[in-house]
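Asks: Take a look at this one; I'll ask things after.
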Amino acid sequence: MNRSNFVSPRAMFEVLEILAADPDAKLLAGGTDLIVQMREGRVSPRTLVDLSRLSELSCIKLRHDTLHIGCMTTFNQVARNPLVVRHAPVLAQAARQVGSVQIRNQGTIGGNLANASPAADSIPPLITLGAKAEVVSKDGSRSLAVEDLLAGVGVNTLLPGEMIAEVSFSLPAPLARSAFVKLGRRKAMAIARISMAGLLVLSADGLVTEARLALGAVGATVFRALEAEATLLHKPLDRSVVAACLRAVQDTVAQKLGRRASATYKREAIRGVAEELFFQLVPELGAP
Ligand SMILES: Cc1cc2nc3c(=O)[nH]c(=O)nc-3n(C[C@H](O)[C@H](O)[C@H](O)COP(=O)(O)OP(=O)(O)OC[C@H]3O[C@@H](n4cnc5c(N)ncnc54)[C@H](O)[C@@H]3O)c2cc1C
């Protein structure tokens, strides 16, 4: 691991000045991805900008029916926060399944997004919640949908000098149901081999008025299964509707993976993951 210049600013404007002046500088949040990448020689930044002194970046606030989560908020804070647990249980559920206690205490939501892994656990729930990232630089700020932050495996769309300040989303409708299911390599410390998040909104007469399904670790980025979502819209959540949706999810995965080595395994695995997801979303239908 090469030696980097380590700076630990106390104010946000200082961070943005450093990023503007040195395009080779890297932000250090929890370090659970970055330090591993530096040890393996995959990145060797000239300057490391430690964000740990900026306590204002580590917060969860509800403002005008929008939940704001600062970039330095850890998975543990997300998993335990009463606002998240109540209004966005899908995100709390995913945060609880990240790595180990140490990783959940250290790893941040901003780092998870910026690292842009297709297996990142916070991304499918955030996409189903319609979350936006607030991206800031010395020159100002812009807001972009979480899916628009993702450009490929480990590649984000941030421009030089930019960082993610927070993610935010409008509170889901009161009748929304949501869930996250992940299949890992082992019970603990598992990066997802395949994951899926779902958020459904039902009308008072039981028809699906909104459906968002996001798949992780299937393509180069997390993405929405739009065709599967369409099978649910304006329908009651009965067994035949759910069965059609499961088939559409499997078709989407098969198309996405083509002849890749993992295709045979993942085509089967997604069926189990999607069945479990719908079991959690529609428990009244019972086990598949
Ligand atoms: C043993 C182990 C198990 C793991 N298990 C899981 C798991 O189950 N699920 C999962 O999703 N991940 C897992 N991870 C990966 C990792 O913990 C997460 O991706 C974590 O969220 C990264 O956050 P961090 O704060 O540690 O980021 P860092 O490592 O500090 O940073 C990651 C990258 O993001 C950049 N960055 C950080 N913050 C910002 C910001 N605000 N704006 C712009 N760029 C920024 C950094 O410069 C760096 O390039 C695991 C890692 C390990 C080592």
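In the structure tokens, chains take letters A, B, ... by order of appearance, with residues numbered from 1 within each chain and ligands from 1 in the order shown.
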I want to know what sits within 8 Å of A:Ser58, based on only C-alpha atoms, with residues of the same chain fewer than 3 positions away left out; could you give that as a list in words?

Replies: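 The filter keeps Leu54, Ser55, Ile69, Gly70, Cys71, Met72, Thr73 and Thr74 of chain A.
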
Asks: Take the residues from that selection and write them out as a compact mmCIF listing (two decimals), in the first residue's frame, keeping C-alpha atoms.

Replies:
```txt
# COMPACT_ATOMS: atom_id res chain seq x y z
CA LEU A 54 -17.96 16.05 9.89
CA SER A 55 -20.62 14.93 12.32
CA ILE A 69 -29.89 10.27 5.37
CA GLY A 70 -26.42 11.83 5.56
CA CYS A 71 -23.66 10.11 3.59
CA MET A 72 -21.66 9.18 6.74
CA THR A 73 -24.59 7.38 8.37
CA THR A 74 -23.54 3.81 9.11
```

Asks: Return as a ChimeraX atom specification the full set of residues in stretch 26-235 of chain A whose backbone-based DSSP assignment is strand (DSSP E or B).

Replies: /A:26-28,47-50,60-63,66-70,74,108,132-137,140-145,150-152,155-156,163-170,176-184,192-202,207-216,223-224

Asks: Can I get the selection written as an mmCIF file, in the first residue's frame, with C-alpha atoms?

Replies:
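As written to disk, out.cif reads:
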```cif
data_model
loop_
_atom_site.group_PDB
_atom_site.id
_atom_site.type_symbol
_atom_site.label_atom_id
_atom_site.label_comp_id
_atom_site.auth_asym_id
_atom_site.auth_seq_id
_atom_site.Cartn_x
_atom_site.Cartn_y
_atom_site.Cartn_z
ATOM 1 C CA LYS A 26 -10.199 10.026 -2.413
ATOM 2 C CA LEU A 27 -12.782 10.387 0.314
ATOM 3 C CA LEU A 28 -12.383 8.048 3.251
ATOM 4 C CA THR A 47 -4.562 12.329 -0.858
ATOM 5 C CA LEU A 48 -7.005 10.648 1.512
ATOM 6 C CA VAL A 49 -9.747 12.943 2.809
ATOM 7 C CA ASP A 50 -11.124 11.606 6.073
ATOM 8 C CA ILE A 60 -31.214 10.885 9.696
ATOM 9 C CA LYS A 61 -33.877 13.582 9.557
ATOM 10 C CA LEU A 62 -37.496 13.818 8.503
ATOM 11 C CA ARG A 63 -38.354 17.113 6.777
ATOM 12 C CA THR A 66 -38.953 13.416 3.054
ATOM 13 C CA LEU A 67 -36.408 11.304 4.891
ATOM 14 C CA HIS A 68 -32.816 12.566 4.574
ATOM 15 C CA ILE A 69 -29.891 10.270 5.373
ATOM 16 C CA GLY A 70 -26.422 11.828 5.556
ATOM 17 C CA THR A 74 -23.538 3.813 9.108
ATOM 18 C CA THR A 108 -21.600 4.034 5.466
ATOM 19 C CA LYS A 132 -32.255 10.642 -4.823
ATOM 20 C CA ALA A 133 -28.651 11.438 -4.051
ATOM 21 C CA GLU A 134 -27.620 14.994 -3.347
ATOM 22 C CA VAL A 135 -24.280 15.492 -5.025
ATOM 23 C CA VAL A 136 -22.209 18.508 -4.031
ATOM 24 C CA SER A 137 -19.061 20.182 -5.272
ATOM 25 C CA GLY A 140 -22.901 23.874 -6.187
ATOM 26 C CA SER A 141 -25.158 20.850 -5.923
ATOM 27 C CA ARG A 142 -27.355 18.615 -8.051
ATOM 28 C CA SER A 143 -29.834 15.896 -7.275
ATOM 29 C CA LEU A 144 -29.928 12.630 -9.166
ATOM 30 C CA ALA A 145 -31.853 9.393 -8.900
ATOM 31 C CA LEU A 150 -24.467 3.860 -11.240
ATOM 32 C CA ALA A 151 -22.407 3.475 -14.405
ATOM 33 C CA GLY A 152 -20.963 -0.044 -14.132
ATOM 34 C CA VAL A 155 -18.068 2.846 -11.443
ATOM 35 C CA ASN A 156 -20.232 5.819 -10.482
ATOM 36 C CA MET A 163 -19.220 13.898 -3.545
ATOM 37 C CA ILE A 164 -22.499 12.473 -2.270
ATOM 38 C CA ALA A 165 -23.767 14.566 0.646
ATOM 39 C CA GLU A 166 -26.935 12.606 1.402
ATOM 40 C CA VAL A 167 -29.691 10.388 0.053
ATOM 41 C CA SER A 168 -33.346 11.245 0.488
ATOM 42 C CA PHE A 169 -36.744 9.876 -0.440
ATOM 43 C CA SER A 170 -40.394 10.795 0.061
ATOM 44 C CA ALA A 176 -47.023 0.425 1.051
ATOM 45 C CA ARG A 177 -45.439 -2.973 1.671
ATOM 46 C CA SER A 178 -41.737 -3.521 1.167
ATOM 47 C CA ALA A 179 -39.101 -6.217 1.652
ATOM 48 C CA PHE A 180 -35.497 -7.136 0.798
ATOM 49 C CA VAL A 181 -34.091 -10.640 0.284
ATOM 50 C CA LYS A 182 -30.457 -11.513 -0.274
ATOM 51 C CA LEU A 183 -28.728 -14.748 -1.046
ATOM 52 C CA GLY A 184 -25.139 -14.622 0.197
ATOM 53 C CA ALA A 192 -24.886 -10.790 -2.057
ATOM 54 C CA ARG A 193 -24.731 -13.360 -4.853
ATOM 55 C CA ILE A 194 -28.151 -12.192 -5.818
ATOM 56 C CA SER A 195 -30.589 -9.840 -4.112
ATOM 57 C CA MET A 196 -33.991 -8.323 -4.660
ATOM 58 C CA ALA A 197 -36.004 -5.517 -3.099
ATOM 59 C CA GLY A 198 -39.678 -4.828 -3.659
ATOM 60 C CA LEU A 199 -42.085 -2.044 -2.774
ATOM 61 C CA LEU A 200 -45.774 -2.310 -3.556
ATOM 62 C CA VAL A 201 -48.572 0.173 -2.917
ATOM 63 C CA LEU A 202 -52.120 -1.156 -2.818
ATOM 64 C CA LEU A 207 -55.258 -3.424 -6.401
ATOM 65 C CA VAL A 208 -51.570 -2.713 -6.952
ATOM 66 C CA THR A 209 -51.208 0.976 -7.786
ATOM 67 C CA GLU A 210 -47.405 1.154 -7.625
ATOM 68 C CA ALA A 211 -44.813 -1.608 -7.996
ATOM 69 C CA ARG A 212 -41.049 -1.279 -7.848
ATOM 70 C CA LEU A 213 -38.760 -4.296 -7.965
ATOM 71 C CA ALA A 214 -34.969 -3.962 -8.032
ATOM 72 C CA LEU A 215 -32.441 -6.720 -8.711
ATOM 73 C CA GLY A 216 -28.913 -6.782 -7.280
ATOM 74 C CA PHE A 223 -31.618 -2.245 -11.981
ATOM 75 C CA ARG A 224 -35.410 -2.230 -11.896
#
```

Asks: Would you mind listing, for every residue of chain A within 7 Å of ligand 1, the two atoms forming the shortest contact and the distance between them in Å to one decimal, using only C-alpha atoms and all ligand atoms, sorted by chain and ascending residue number, as CSV?

Replies:
```
residue,atom,partner,partner_atom_place_in_ligand_line,distance
A:Lys26,CA,ligand 1,47 (O),4.4
A:Leu27,CA,ligand 1,47 (O),3.8
A:Leu28,CA,ligand 1,30 (O),4.1
A:Ala29,CA,ligand 1,30 (O),3.4
A:Gly30,CA,ligand 1,25 (O),3.3
A:Gly31,CA,ligand 1,29 (O),3.3
A:Thr32,CA,ligand 1,26 (O),3.6
A:Asp33,CA,ligand 1,29 (O),3.4
A:Leu34,CA,ligand 1,29 (O),3.7
A:Ile35,CA,ligand 1,29 (O),6.1
A:Val36,CA,ligand 1,53 (C),6.7
A:Cys71,CA,ligand 1,41 (N),4.9
A:Met72,CA,ligand 1,41 (N),6.6
A:Gln97,CA,ligand 1,8 (O),6.2
A:Val98,CA,ligand 1,8 (O),3.5
A:Gly99,CA,ligand 1,5 (N),3.5
A:Ser100,CA,ligand 1,3 (C),6.6
A:Ile103,CA,ligand 1,17 (O),5.5
A:Gln106,CA,ligand 1,26 (O),6.0
A:Gly107,CA,ligand 1,26 (O),3.8
A:Thr108,CA,ligand 1,25 (O),3.7
A:Ile109,CA,ligand 1,21 (O),5.3
A:Gly110,CA,ligand 1,41 (N),4.4
A:Gly111,CA,ligand 1,27 (O),3.5
A:Asn112,CA,ligand 1,21 (O),3.3
A:Ala114,CA,ligand 1,34 (O),4.4
A:Asn115,CA,ligand 1,33 (C),4.5
A:Ala119,CA,ligand 1,11 (O),6.1
A:Ala120,CA,ligand 1,11 (O),3.4
A:Asp121,CA,ligand 1,11 (O),3.8
A:Ser122,CA,ligand 1,11 (O),6.1
A:Glu162,CA,ligand 1,43 (C),6.9
A:Met163,CA,ligand 1,42 (N),3.7
A:Ile164,CA,ligand 1,42 (N),3.8
A:Ala165,CA,ligand 1,41 (N),5.5
A:Met189,CA,ligand 1,3 (C),4.9
A:Ala190,CA,ligand 1,8 (O),4.9
A:Ile191,CA,ligand 1,8 (O),4.3
A:Ala192,CA,ligand 1,8 (O),6.4
```

Asks: Can you work out which one of A:Ala228, A:Cys245, A:Ala220, A:Val85 has the shortest atom-to-atom distance to A:Leu171, counting only C-alpha atoms?

Replies: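 Between A:Ala228, A:Cys245, A:Ala220, A:Val85, the residue approaching A:Leu171 most closely is A:Val85.
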
Asks: My list of candidates is A:Pro124, A:Val218, A:Leu285, A:Gly130. Which is closest to A:Ser240 when distances are computed with only C-alpha atoms?

Replies: A:Leu285

Asks: With distances taken over only C-alpha atoms, which residue among A:Gly219, A:Pro283, A:Gly161, A:Pro172 lies nearest A:Pro118?

Replies: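 Closest to A:Pro118, using only C-alpha atoms: A:Gly219.
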
Asks: Given only C-alpha atoms as the basis, pick out the residue of A:Ile18, A:Ala92, A:Leu149, A:Cys59 nearest to A:Arg46.

Replies: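 Smallest separation from A:Arg46 among the options: A:Ile18.
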
Asks: Fewer than 3 positions away in the same chain doesn't count, so skip those; otherwise give me all residues within 12 Å of A:Leu257, counting only C-alpha atoms, as a JSON list (two decimals) with C-alpha atoms, in the first residue's frame.

Replies:
```json
[["chain", "number", "residue", "atom", "x", "y", "z"],
["A", 217, "ALA", "CA", -25.85, -8.76, -8.42],
["A", 218, "VAL", "CA", -27.49, -9.73, -11.71],
["A", 219, "GLY", "CA", -26.07, -7.13, -14.11],
["A", 220, "ALA", "CA", -23.26, -4.58, -13.99],
["A", 250, "GLN", "CA", -36.82, -15.15, -14.09],
["A", 251, "ASP", "CA", -37.05, -14.12, -17.76],
["A", 252, "THR", "CA", -35.42, -10.76, -16.99],
["A", 253, "VAL", "CA", -32.55, -12.45, -15.17],
["A", 254, "ALA", "CA", -32.09, -15.00, -17.98],
["A", 260, "ARG", "CA", -22.47, -16.02, -18.54],
["A", 261, "ALA", "CA", -20.97, -18.74, -16.32],
["A", 262, "SER", "CA", -23.22, -17.78, -13.40],
["A", 263, "ALA", "CA", -26.40, -17.81, -15.54],
["A", 264, "THR", "CA", -27.60, -21.35, -14.79],
["A", 265, "TYR", "CA", -27.18, -20.93, -11.04],
["A", 266, "LYS", "CA", -28.67, -17.42, -10.90],
["A", 267, "ARG", "CA", -31.70, -18.30, -13.06],
["A", 270, "ILE", "CA", -33.64, -15.85, -8.40]]
```

Asks: With only C-alpha atoms as the basis for distance, which of A:Val153, A:Leu175, A:Ala248, A:Ile127 is at the shortest distance from A:Thr231?

Replies: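 Ranked by minimum distance to A:Thr231, first place goes to A:Ala248.
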